[in-house]
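Containing mmCIF, C-alpha atoms: target27.cif.
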```cif
data_my_file
#
loop_
_atom_site.label_atom_id
_atom_site.label_comp_id
_atom_site.auth_asym_id
_atom_site.auth_seq_id
_atom_site.Cartn_x
_atom_site.Cartn_y
_atom_site.Cartn_z
CA MET A 1 2.77 20.68 -44.03
CA VAL A 2 5.35 19.06 -41.79
CA ASP A 3 4.11 16.59 -39.19
CA LEU A 4 4.88 18.49 -35.99
CA THR A 5 4.31 15.40 -33.87
CA ALA A 6 7.36 13.87 -35.58
CA LEU A 7 9.80 16.36 -34.04
CA GLY A 8 10.39 14.10 -31.05
CA ARG A 9 10.36 15.01 -27.38
CA LEU A 10 13.99 16.16 -27.52
CA GLY A 11 15.40 18.34 -30.26
CA PHE A 12 18.77 19.99 -30.93
CA GLY A 13 19.26 23.71 -30.38
CA ALA A 14 22.12 24.79 -32.63
CA ALA A 15 23.11 28.21 -31.23
CA SER A 16 26.19 26.75 -29.53
CA ILE A 17 27.64 25.39 -32.76
CA GLY A 18 27.55 28.97 -34.04
CA ASN A 19 30.25 29.74 -31.44
CA LEU A 20 27.94 31.20 -28.82
CA TYR A 21 30.13 32.95 -26.21
CA ARG A 22 33.23 30.98 -27.22
CA ALA A 23 34.96 29.56 -30.28
CA MET A 24 34.34 25.90 -31.07
CA PRO A 25 36.51 23.95 -33.53
CA ASP A 26 34.72 22.62 -36.61
CA GLN A 27 35.44 19.03 -35.60
CA ASP A 28 33.82 19.55 -32.19
CA ALA A 29 30.71 20.98 -33.78
CA ALA A 30 30.55 18.04 -36.21
CA ALA A 31 31.01 15.55 -33.36
CA THR A 32 28.18 17.18 -31.38
CA ILE A 33 25.77 17.01 -34.31
CA GLY A 34 26.86 13.45 -35.02
CA SER A 35 26.16 12.45 -31.42
CA ALA A 36 22.68 13.94 -31.64
CA TRP A 37 21.98 12.07 -34.86
CA ASP A 38 23.30 8.80 -33.45
CA ALA A 39 21.08 9.30 -30.38
CA GLY A 40 18.02 9.43 -32.64
CA LEU A 41 17.30 13.15 -32.55
CA LEU A 42 15.42 14.21 -35.68
CA TYR A 43 14.73 17.91 -35.03
CA TYR A 44 17.43 20.58 -35.45
CA ASP A 45 16.85 24.30 -34.94
CA THR A 46 19.23 26.98 -36.16
CA ALA A 47 19.21 30.59 -37.42
CA PRO A 48 21.32 32.93 -39.56
CA HIS A 49 21.99 34.96 -36.40
CA TYR A 50 23.79 32.03 -34.75
CA GLY A 51 27.38 32.77 -35.67
CA PHE A 52 26.20 34.90 -38.62
CA GLY A 53 25.73 31.86 -40.83
CA LEU A 54 28.23 29.57 -39.09
CA SER A 55 25.63 27.41 -37.31
CA GLU A 56 23.68 26.86 -40.53
CA LYS A 57 26.85 26.01 -42.45
CA ARG A 58 28.01 23.48 -39.86
CA LEU A 59 24.59 21.91 -39.52
CA GLY A 60 24.20 21.70 -43.29
CA GLU A 61 27.62 20.11 -43.77
CA ALA A 62 27.05 17.53 -41.04
CA LEU A 63 23.55 16.55 -42.14
CA ALA A 64 24.67 16.28 -45.77
CA GLU A 65 26.79 13.32 -44.63
CA LEU A 66 24.54 11.91 -41.93
CA ASP A 67 21.15 12.41 -43.56
CA SER A 68 21.47 12.10 -47.32
CA ASP A 69 17.74 11.41 -47.73
CA GLN A 70 16.88 14.46 -45.62
CA ARG A 71 14.84 12.73 -42.94
CA ALA A 72 15.86 15.31 -40.35
CA ILE A 73 13.40 18.10 -39.58
CA VAL A 74 15.25 21.40 -39.81
CA SER A 75 14.03 24.83 -38.73
CA THR A 76 15.68 28.18 -39.24
CA LYS A 77 14.66 31.79 -38.88
CA VAL A 78 14.10 35.04 -40.74
CA GLY A 79 13.99 38.64 -39.59
CA ARG A 80 17.70 39.35 -39.37
CA ARG A 81 19.74 40.00 -42.49
CA LEU A 82 23.49 39.44 -42.57
CA ASP A 83 25.45 42.57 -43.51
CA PRO A 84 29.24 42.61 -44.14
CA VAL A 85 31.33 43.99 -41.28
CA ALA A 86 33.90 46.73 -41.69
CA PRO A 87 37.20 45.45 -43.15
CA ASP A 88 39.14 46.15 -39.94
CA THR A 89 36.70 44.26 -37.66
CA ASP A 90 38.41 41.92 -35.18
CA LEU A 91 36.69 38.56 -35.75
CA SER A 92 38.36 36.94 -32.74
CA VAL A 93 36.28 38.81 -30.15
CA PRO A 94 32.57 38.34 -29.35
CA ARG A 95 30.09 40.14 -31.57
CA GLN A 96 26.45 39.97 -30.50
CA ALA A 97 27.53 37.10 -28.19
CA PHE A 98 29.17 35.03 -30.97
CA VAL A 99 32.90 34.46 -31.53
CA THR A 100 32.72 33.67 -35.23
CA PRO A 101 35.03 33.90 -38.23
CA GLU A 102 32.09 34.83 -40.46
CA PRO A 103 32.60 38.47 -41.61
CA PHE A 104 29.00 39.52 -41.05
CA GLU A 105 26.75 41.00 -38.43
CA SER A 106 23.01 40.56 -38.08
CA VAL A 107 20.60 43.45 -38.54
CA PHE A 108 16.85 43.26 -37.95
CA ASP A 109 14.81 43.39 -41.14
CA TYR A 110 11.27 41.96 -41.33
CA SER A 111 10.50 43.25 -44.82
CA TYR A 112 9.13 41.00 -47.57
CA ASP A 113 12.28 41.11 -49.71
CA ALA A 114 14.62 40.55 -46.77
CA VAL A 115 12.68 37.49 -45.64
CA MET A 116 12.70 35.99 -49.13
CA ARG A 117 16.45 36.56 -49.50
CA SER A 118 17.11 35.22 -46.02
CA TYR A 119 15.19 32.03 -46.76
CA GLU A 120 17.17 31.35 -49.95
CA ALA A 121 20.50 32.08 -48.27
CA SER A 122 19.64 29.79 -45.36
CA ARG A 123 18.57 26.99 -47.67
CA ALA A 124 21.92 27.26 -49.49
CA ARG A 125 23.94 27.19 -46.25
CA LEU A 126 21.87 24.27 -44.97
CA ARG A 127 22.21 22.35 -48.27
CA ARG A 128 18.52 21.40 -48.07
CA ASP A 129 15.96 21.12 -50.84
CA ARG A 130 13.50 22.86 -48.53
CA VAL A 131 13.25 24.24 -45.01
CA ASP A 132 10.82 22.30 -42.87
CA ILE A 133 9.96 25.09 -40.41
CA LEU A 134 10.55 28.82 -40.77
CA TYR A 135 10.32 31.09 -37.71
CA ALA A 136 10.29 34.89 -37.51
CA HIS A 137 13.12 35.70 -35.10
CA ASP A 138 12.63 37.93 -32.04
CA VAL A 139 9.59 39.90 -33.07
CA GLY A 140 8.14 41.67 -30.04
CA ARG A 141 8.44 44.38 -27.43
CA MET A 142 10.93 42.42 -25.31
CA THR A 143 13.47 42.79 -28.11
CA HIS A 144 12.45 46.05 -29.78
CA GLY A 145 11.06 48.11 -26.91
CA ASP A 146 9.43 51.33 -28.07
CA ASP A 147 10.22 50.42 -31.68
CA HIS A 148 7.94 47.40 -31.46
CA PRO A 149 4.89 48.97 -33.22
CA ARG A 150 6.99 49.87 -36.28
CA ARG A 151 8.73 46.51 -36.40
CA PHE A 152 5.46 44.65 -35.89
CA ALA A 153 3.86 46.51 -38.80
CA GLU A 154 6.92 45.80 -40.95
CA PHE A 155 6.57 42.11 -40.16
CA ILE A 156 2.82 41.78 -40.68
CA GLU A 157 2.83 43.81 -43.90
CA GLY A 158 6.01 42.27 -45.30
CA GLY A 159 7.78 39.34 -43.70
CA TYR A 160 4.65 37.50 -42.59
CA ARG A 161 3.24 37.76 -46.11
CA ALA A 162 6.48 36.28 -47.47
CA MET A 163 6.35 33.41 -44.98
CA ARG A 164 2.75 32.64 -45.90
CA GLU A 165 3.71 32.54 -49.58
CA LEU A 166 6.63 30.21 -48.88
CA ARG A 167 4.42 27.84 -46.92
CA ASP A 168 1.55 27.98 -49.38
CA SER A 169 3.92 27.17 -52.25
CA GLY A 170 5.37 24.18 -50.36
CA ALA A 171 8.83 25.75 -50.08
CA VAL A 172 8.53 25.44 -46.28
CA GLY A 173 6.43 23.00 -44.31
CA ALA A 174 5.30 25.24 -41.44
CA ILE A 175 5.70 28.81 -40.22
CA GLY A 176 5.82 30.36 -36.79
CA LEU A 177 7.55 32.69 -34.37
CA GLY A 178 10.84 32.19 -32.53
CA VAL A 179 10.51 34.48 -29.51
CA ASN A 180 11.16 34.98 -25.79
CA GLU A 181 7.68 36.31 -24.96
CA THR A 182 4.05 35.29 -25.32
CA GLN A 183 2.50 38.74 -25.82
CA VAL A 184 3.65 39.17 -29.41
CA CYS A 185 2.37 35.68 -30.24
CA GLU A 186 -1.09 36.73 -29.13
CA GLU A 187 -0.74 39.92 -31.20
CA VAL A 188 0.13 37.91 -34.31
CA LEU A 189 -2.70 35.43 -33.75
CA ALA A 190 -5.12 38.35 -33.54
CA VAL A 191 -4.38 39.28 -37.16
CA GLY A 192 -3.07 36.10 -38.79
CA GLU A 193 -2.38 32.42 -38.36
CA ILE A 194 0.75 30.40 -37.69
CA ASP A 195 1.48 26.74 -37.15
CA LEU A 196 3.76 26.80 -34.13
CA VAL A 197 5.85 28.92 -31.78
CA LEU A 198 9.41 28.32 -30.64
CA LEU A 199 8.99 29.81 -27.18
CA ALA A 200 12.21 30.35 -25.24
CA GLY A 201 12.05 30.25 -21.47
CA ARG A 202 8.43 31.23 -20.90
CA TYR A 203 6.92 27.85 -19.99
CA THR A 204 9.33 26.10 -17.66
CA LEU A 205 9.75 24.62 -14.22
CA LEU A 206 10.17 28.24 -13.07
CA GLU A 207 7.50 29.95 -15.17
CA GLN A 208 3.96 28.85 -15.99
CA ASP A 209 2.18 32.17 -16.62
CA ALA A 210 1.66 31.04 -20.21
CA LEU A 211 -1.16 28.87 -18.83
CA GLU A 212 -3.31 31.94 -18.23
CA THR A 213 -4.15 33.06 -21.77
CA PHE A 214 -1.45 32.02 -24.22
CA LEU A 215 -1.54 28.24 -24.08
CA PRO A 216 -5.37 28.13 -24.06
CA LEU A 217 -5.29 30.37 -27.15
CA CYS A 218 -2.82 27.98 -28.81
CA ALA A 219 -5.14 25.07 -28.06
CA ARG A 220 -8.09 26.86 -29.64
CA ARG A 221 -6.05 27.85 -32.71
CA HIS A 222 -4.24 24.48 -33.04
CA VAL A 223 -0.82 26.11 -32.59
CA LYS A 224 1.92 23.82 -31.31
CA ILE A 225 4.85 24.83 -29.08
CA VAL A 226 8.53 23.99 -29.28
CA LEU A 227 10.04 24.92 -25.93
CA GLY A 228 13.47 26.51 -26.15
CA GLY A 229 15.48 27.60 -23.14
CA PRO A 230 14.03 24.93 -20.80
CA TYR A 231 16.77 25.70 -18.27
CA ASN A 232 15.97 29.46 -18.14
CA SER A 233 19.50 30.42 -19.25
CA GLY A 234 21.17 27.70 -17.21
CA ILE A 235 19.95 28.06 -13.65
CA LEU A 236 17.69 24.99 -13.98
CA ALA A 237 20.52 22.95 -15.46
CA LYS A 238 23.13 23.48 -12.76
CA GLY A 239 21.00 24.48 -9.79
CA VAL A 240 22.13 26.94 -7.15
CA ARG A 241 23.86 24.70 -4.61
CA GLY A 242 27.13 24.27 -6.47
CA GLY A 243 28.23 27.89 -6.46
CA GLY A 244 29.48 29.88 -9.42
CA GLU A 245 27.66 32.41 -11.55
CA LEU A 246 23.90 31.95 -11.80
CA HIS A 247 22.05 33.17 -14.88
CA TYR A 248 18.34 33.55 -15.47
CA ASP A 249 16.81 35.04 -18.62
CA TYR A 250 20.29 35.88 -20.00
CA GLN A 251 21.18 37.97 -16.93
CA PRO A 252 22.50 37.41 -13.38
CA ALA A 253 19.74 35.66 -11.44
CA PRO A 254 17.89 37.89 -8.93
CA PRO A 255 17.62 36.72 -5.29
CA GLU A 256 13.97 35.68 -5.53
CA ILE A 257 14.73 33.39 -8.49
CA VAL A 258 17.73 31.89 -6.69
CA ALA A 259 15.56 31.18 -3.65
CA ARG A 260 12.83 29.57 -5.75
CA VAL A 261 15.29 27.37 -7.62
CA ALA A 262 16.89 26.36 -4.31
CA ALA A 263 13.51 25.18 -3.01
CA ILE A 264 12.79 23.24 -6.22
CA GLU A 265 16.30 21.77 -6.24
CA ASP A 266 15.97 20.60 -2.63
CA LEU A 267 12.63 18.96 -3.33
CA CYS A 268 14.02 17.21 -6.40
CA ALA A 269 16.89 15.92 -4.25
CA GLU A 270 14.40 14.55 -1.71
CA HIS A 271 12.89 12.45 -4.52
CA GLY A 272 16.24 11.46 -6.03
CA VAL A 273 15.57 13.37 -9.26
CA PRO A 274 18.07 15.63 -11.06
CA LEU A 275 16.76 19.18 -11.25
CA ALA A 276 17.57 19.29 -14.97
CA ALA A 277 15.46 16.17 -15.63
CA ALA A 278 12.40 17.82 -14.07
CA ALA A 279 13.11 20.97 -16.09
CA LEU A 280 13.20 19.06 -19.37
CA GLN A 281 10.17 16.88 -18.71
CA LEU A 282 7.61 19.24 -17.16
CA PRO A 283 6.88 21.33 -20.30
CA LEU A 284 6.24 18.19 -22.36
CA ALA A 285 3.22 17.34 -20.21
CA HIS A 286 1.25 20.17 -21.81
CA PRO A 287 -0.63 18.89 -24.88
CA GLN A 288 0.47 21.84 -27.03
CA VAL A 289 4.20 21.28 -26.39
CA VAL A 290 5.68 18.89 -28.95
CA SER A 291 9.40 19.20 -28.24
CA VAL A 292 12.01 20.75 -25.97
CA ILE A 293 15.32 21.93 -27.44
CA PRO A 294 18.08 22.65 -24.94
CA GLY A 295 21.31 24.00 -26.32
CA MET A 296 24.02 21.36 -26.66
CA ASN A 297 27.69 22.15 -27.18
CA SER A 298 29.35 18.73 -26.89
CA PRO A 299 28.67 15.01 -27.27
CA ARG A 300 28.67 14.83 -23.46
CA GLN A 301 25.84 17.36 -23.26
CA VAL A 302 23.90 15.42 -25.89
CA ALA A 303 24.26 12.22 -23.87
CA GLN A 304 23.23 14.05 -20.70
CA ALA A 305 20.10 15.48 -22.31
CA VAL A 306 19.07 12.08 -23.67
CA LYS A 307 19.54 10.56 -20.21
CA LEU A 308 17.62 13.37 -18.50
CA ILE A 309 14.65 13.18 -20.85
CA GLU A 310 14.34 9.47 -20.07
CA THR A 311 14.90 9.72 -16.31
CA HIS A 312 12.07 8.25 -14.24
CA ILE A 313 10.37 10.91 -12.14
CA PRO A 314 7.98 9.73 -9.40
CA PRO A 315 4.53 11.35 -9.53
CA ALA A 316 4.99 12.38 -5.89
CA LEU A 317 7.54 15.01 -6.96
CA TRP A 318 5.02 16.81 -9.13
CA ARG A 319 2.39 16.63 -6.36
CA ASP A 320 4.83 18.05 -3.82
CA LEU A 321 5.85 20.87 -6.16
CA LYS A 322 2.20 21.87 -6.43
CA ASP A 323 1.47 21.44 -2.73
CA ARG A 324 4.37 23.74 -1.82
CA GLY A 325 3.39 26.35 -4.39
CA LEU A 326 6.54 25.86 -6.43
CA ILE A 327 4.61 25.29 -9.65
CA ARG A 328 1.09 26.43 -10.50
CA ALA A 329 -1.74 24.20 -9.32
CA ASP A 330 -3.13 24.01 -12.87
CA THR A 331 0.16 22.93 -14.46
CA PRO A 332 -0.22 19.69 -16.46
CA ILE A 333 2.18 17.12 -15.06
CA PRO A 334 3.85 14.15 -16.76
CA THR A 335 2.26 10.74 -16.49
CA ILE A 336 4.21 7.52 -16.45
#
```
Once more with this new file: its structure as structure tokens, please.
Amino acid sequence: MVDLTALGRLGFGAASIGNLYRAMPDQDAAATIGSAWDAGLLYYDTAPHYGFGLSEKRLGEALAELDSDQRAIVSTKVGRRLDPVAPDTDLSVPRQAFVTPEPFESVFDYSYDAVMRSYEASRARLRRDRVDILYAHDVGRMTHGDDHPRRFAEFIEGGYRAMRELRDSGAVGAIGLGVNETQVCEEVLAVGEIDLVLLAGRYTLLEQDALETFLPLCARRHVKIVLGGPYNSGILAKGVRGGGELHYDYQPAPPEIVARVAAIEDLCAEHGVPLAAAALQLPLAHPQVVSVIPGMNSPRQVAQAVKLIETHIPPALWRDLKDRGLIRADTPIPTI
């Protein structure tokens, strides 16, 4: 079992080094990982889906040089197999949001055999003796819609069994879900047990509905949370006052979200606090949340995240956010 408290408050989300939305030279990816390592980050999360193996390859190559004794805590995911693309596929254009030279595409597959093969392939790309944390990627109705019941059964009867075997044998240190919703986590916990959830975007400065049933359930079941997407697809990183495109939950931000962020941004400005610092620090106040992992695509972004996680935030900001109804009254808040 991996010590989940050792992940550190700030971890490294490795989707960007898989060429998310745009191509990134190998040397830039290596420099970004190197900056994270030099800054003391110990937790690195990746997936076969990120660049169809490219993110895992780059992370594995960099850590092989930086971390020869494998002190880093590395997580990856299962649930998507990598199938070869057609020979005439143009690899220079985005495919499933990645601009990658890898001649594969990802296809959902939560079967027992697919999960076992995916684990071994990831371990080879990562150049690791073992994988510390293994997540099932994007199980749930938000991703699969009406096909969710079939996919859920495929996972519970196949992939989940494989993950349990890998953990019980010591091949992986912990197992969990990497998802964008809380409902499927509650469904899984009704029939099985997991160690943690990588929850993207559902417990943030903008959203605290997870406090109603999900986080109390995690507390009762001793399930820890890694919070991905702390900026809700970017709107909490840049704010709304600077213009440009505004994204929330991977889509253009609706007016009510823009208005809410504007109010939070203005209040942060009154207290002299960067909006992004409040976004990174608020989730960590909940006792189940052990780490936040914003995406980082450059050494500059690494340095910014490190600075933001350490920024002093006066308690009055959190009180004012509650008093104005901008965060839930029962939201745990950071203490100095």
**OP:** Find the residues around Thr335 in chain A up to 12 Å (all atoms listed in the file counted), leave out those fewer than 3 positions away in its own chain, and share them as a PyMOL selection string.
**Re:** chain A and resi 281-282+284-286+312-319+332
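Nearest residue to Leu227 in chain A among A:Arg128, A:Arg117, A:Lys322, A:Arg202 is A:Arg202, counting all atoms listed in the file.
Comparing the minimum interatomic distances between Val188 in chain A and each of A:Cys218, A:Cys268, A:Leu7, A:Met296, counting all atoms listed in the file, we find that A:Cys218 sits nearest.
Once the PyMOL selection byres ((chain A and resi 109) around 7) is applied to the depicted file, the selected set reads Gly79, Arg80, Arg81, Val107, Phe108, Tyr110, Ser111 and Ala114 of chain A.
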Original post:
What's the 6 Å shell around range 40-47 of chain A, counting only C-alpha atoms, without same-chain residues fewer than 5 positions away, as a list of chain:residue names?
Top reply: A:Leu7, A:Gly11, A:Phe12, A:Gly13, A:Ala14, A:Ala72, A:Ile73, A:Val74, A:Ser75, A:Thr76, A:Lys77
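Candidate residues A:Leu236, A:Ile133, A:Leu205, A:Leu166 were compared for distance to Leu4 in chain A, and the nearest is A:Ile133, using only C-alpha atoms.
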Original post:
If you apply the PyMOL selection byres ((chain A and resi 311) around 9) to this file, what residues do you get, as number ranges by chain?
Top reply: A: 273-274, 277-278, 281, 306-310, 312-313
Original post:
Which of these, A:Ile225, A:Val258, A:Ile264, A:Ala276, has the shortest distance to Lys238 in chain A once you count all atoms listed in the file?
Top reply: A:Ala276
**OP:** Quick one: everything within 8 Å of range 191-201 of chain A, counting all atoms listed in the file, minus sequence neighbours fewer than 6 positions away in the same chain. Send it as a PyMOL selection string.
**Re:** chain A and resi 135+174-182+185+207+222-233+249
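Take CA of Phe52 in chain A and CA of Tyr203 in chain A: the distance between them is 27.7 Å.
Selection check: the PyMOL selection byres ((chain A and resi 84) around 8) on the shown file gives Leu82, Asp83, Val85, Ala86, Pro103, Phe104 and Glu105 of chain A.
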